[in-house]
Amino acid sequence: LSVPQADGSTTESNHGVAVKGLDRSGNVEAHSGWAPLPDMAEQRSRPTTVALADGRAMVIGGWDNNRAHALDSVEVLAADGSGWSALAPMGTARNKPAAAVLPCGKVLVAGGEDSDVSALMTAELWDPATGAWSDLPPMAEAKYRAGCCVLPSGRVAAVGGKGSDRQSRRDGEAFDPVAQTWQPLPPMAHARSHHGVVAVAGGLLAVGGCQTDDEDDEGDRQVMLAEAGGGRGASD
């Protein structure tokens with residue numbers, strides 16, 4: 001099985017995993033439809049999933065099956081879909097963190113919620129060469145469910161999301177892996193969480209999301225583009 005890109009995928013509270021989508025049965029979508037893959041070792045909901053440079057899918061954190069504790073565990077699905085392997089746990093348990101694969105292949109994870117349902121500002125980096133996690137400087141603002149992507153410069157943008165007050169946010173920041181610092185991005189016109197963010201030609205695109213503190217609200221149809229000239233980091 002050739003595993004497609006896992007951007008924006010999620011997992012449910014069972015052992016099933018989504019590569020490009022997931023139904024309640026826990027089956028995964030391959031190129032021609034749904035096909036079963038091996039179960040993960042640990043049940044989890046609301047993790048973050050990224051596609052590694054070697055074709056493996058990395059599933060990070062989330063809630064445990066009883067939604068009582070945030071998870072620090074990390075698993076990877078083999079590139080051929082044949083099975084799962086455990087990676088070293090993160091230094092901090094995180095539910096709904098932001099995550100992105102840097103051009104060098106390392107994985108940045110930032111924010112999320114802890115087991116007390118408090119937003120986190122800490123960040124850490126996974127190195128595929130050593131298999132180890134290392135601490136990074138914290139973000140300026142604690143957030144979870146932030147939109148996250150790699151900018152053309154190699155910096156990682158974390159935009160919007162929610163803070164410990166459960167309110168959606170307008171602000172964003174970007175991590176510079178060379179300077180090892182977080183830098184502010186121009187705020188969005190509207191607060192949003194649960195949204196999509198992607199770097200496109202000439203800008204940073206934010207799509208959909210929620211504007212209220214109600215995770216069950218109707219969502220947002222607005223599309224926002226941070227164009228060149230909107231502040232360093234908007235187009236990079």
# chains A, B, ... in the order shown; residues from 1 in each chain; ligands from 1

$ select_by_dssp --residues "region 47-183 of chain A" --states "strand (DSSP E)" --output "ChimeraX atom specification"
/A:48-51,57-60,74-77,84-87,98-101,107-110,123-127,132-136,147-150,156-159,172-176,181-183

$ residues_around --residues "Ala179 (chain A)" --least-positions-apart "3" --cutoff "12 Å" --atoms "only C-alpha atoms" --output "PyMOL selection string"
chain A and resi 136-137+154-155+174-176+182-183

$ residues_around --residues "Ser115 (chain A)" --least-positions-apart "2" --cutoff "8 Å" --atoms "only C-alpha atoms" --output "compact mmCIF listing (two decimals) with all heavy atoms, in the first residue's frame"
# COMPACT_ATOMS: atom_id res chain seq x y z
N ALA A 68 -9.31 11.29 29.43
CA ALA A 68 -8.95 11.73 30.78
C ALA A 68 -7.55 12.33 30.82
O ALA A 68 -7.25 13.15 31.71
CB ALA A 68 -9.01 10.54 31.75
N HIS A 69 -6.70 11.95 29.88
CA HIS A 69 -5.31 12.41 29.90
C HIS A 69 -4.83 12.71 28.49
O HIS A 69 -5.13 11.96 27.55
CB HIS A 69 -4.40 11.34 30.52
CG HIS A 69 -4.77 10.97 31.93
ND1 HIS A 69 -4.53 11.79 33.00
CD2 HIS A 69 -5.38 9.88 32.42
CE1 HIS A 69 -4.96 11.21 34.11
NE2 HIS A 69 -5.49 10.05 33.79
N ALA A 70 -4.06 13.77 28.37
CA ALA A 70 -3.34 14.02 27.13
C ALA A 70 -2.22 12.99 27.01
O ALA A 70 -1.70 12.49 28.02
CB ALA A 70 -2.78 15.43 27.12
N ALA A 93 3.09 15.87 27.31
CA ALA A 93 1.86 15.31 26.75
C ALA A 93 1.05 16.43 26.12
O ALA A 93 0.90 17.51 26.72
CB ALA A 93 1.06 14.60 27.83
N ARG A 94 0.50 16.18 24.93
CA ARG A 94 -0.20 17.24 24.18
C ARG A 94 -1.42 16.66 23.46
O ARG A 94 -1.31 15.65 22.77
CB ARG A 94 0.72 17.87 23.12
CG ARG A 94 2.02 18.42 23.65
CD ARG A 94 2.93 18.88 22.51
NE ARG A 94 4.24 19.24 23.02
CZ ARG A 94 4.56 20.44 23.46
NH1 ARG A 94 3.66 21.41 23.43
NH2 ARG A 94 5.77 20.69 23.91
N GLU A 113 -3.05 21.04 24.24
CA GLU A 113 -3.63 21.08 25.59
C GLU A 113 -2.96 20.02 26.46
O GLU A 113 -2.62 18.94 25.98
CB GLU A 113 -5.12 20.76 25.56
CG GLU A 113 -6.02 21.83 25.01
CD GLU A 113 -7.46 21.39 25.06
OE1 GLU A 113 -7.75 20.24 24.67
OE2 GLU A 113 -8.30 22.19 25.48
N VAL A 117 -6.52 20.42 30.55
CA VAL A 117 -7.22 21.18 29.51
C VAL A 117 -6.76 22.63 29.52
O VAL A 117 -7.55 23.55 29.29
CB VAL A 117 -8.75 21.07 29.66
CG1 VAL A 117 -9.43 21.42 28.34
CG2 VAL A 117 -9.16 19.67 30.07
N SER A 118 -5.49 22.85 29.80
CA SER A 118 -4.88 24.18 29.70
C SER A 118 -4.04 24.24 28.44
O SER A 118 -3.32 23.29 28.11
CB SER A 118 -4.01 24.46 30.93
OG SER A 118 -4.77 24.51 32.10

$ residues_around --residues "Gly147 (chain A)" --least-positions-apart "2" --cutoff "12 Å" --atoms "only C-alpha atoms" --output "NGL selection string"
:A and (7-8 or 48 or 96-100 or 110-112 or 143-145 or 149-150 or 156-162 or 168-174 or 188 or 191-199 or 204-210)

$ residues_around --residues "Ser85 (chain A)" --least-positions-apart "5" --cutoff "9 Å" --atoms "only C-alpha atoms" --output "PyMOL selection string"
chain A and resi 40-41+74-78

$ residues_around --residues "Arg67 (chain A)" --least-positions-apart "3" --cutoff "9 Å" --atoms "only C-alpha atoms" --output "ChimeraX atom specification"
/A:13,44-45,62-64,70,115

$ write_last_selection --atoms "C-alpha atoms" --output "compact mmCIF listing (two decimals), in the first residue's frame"
# COMPACT_ATOMS: atom_id res chain seq x y z
CA SER A 13 -11.23 7.06 19.57
CA ARG A 44 -6.27 7.96 20.82
CA SER A 45 -8.46 10.81 19.64
CA GLY A 62 -3.99 13.37 21.43
CA TRP A 63 -6.38 12.19 24.15
CA ASP A 64 -6.41 8.71 25.66
CA ALA A 70 -3.34 14.02 27.13
CA SER A 115 -4.35 16.87 30.83

$ atom_distance --atom1 "CA of Pro89 (chain A)" --atom2 "CA of Leu120 (chain A)"
16.9 Å

$ atom_distance --atom1 "CA of Pro36 (chain A)" --atom2 "CA of Gly81 (chain A)"
9.6 Å

$ closest_residue --among "A:Val101, A:Val59, A:Val178, A:Met121" --to "Leu87 (chain A)" --atoms "only C-alpha atoms"
A:Val59
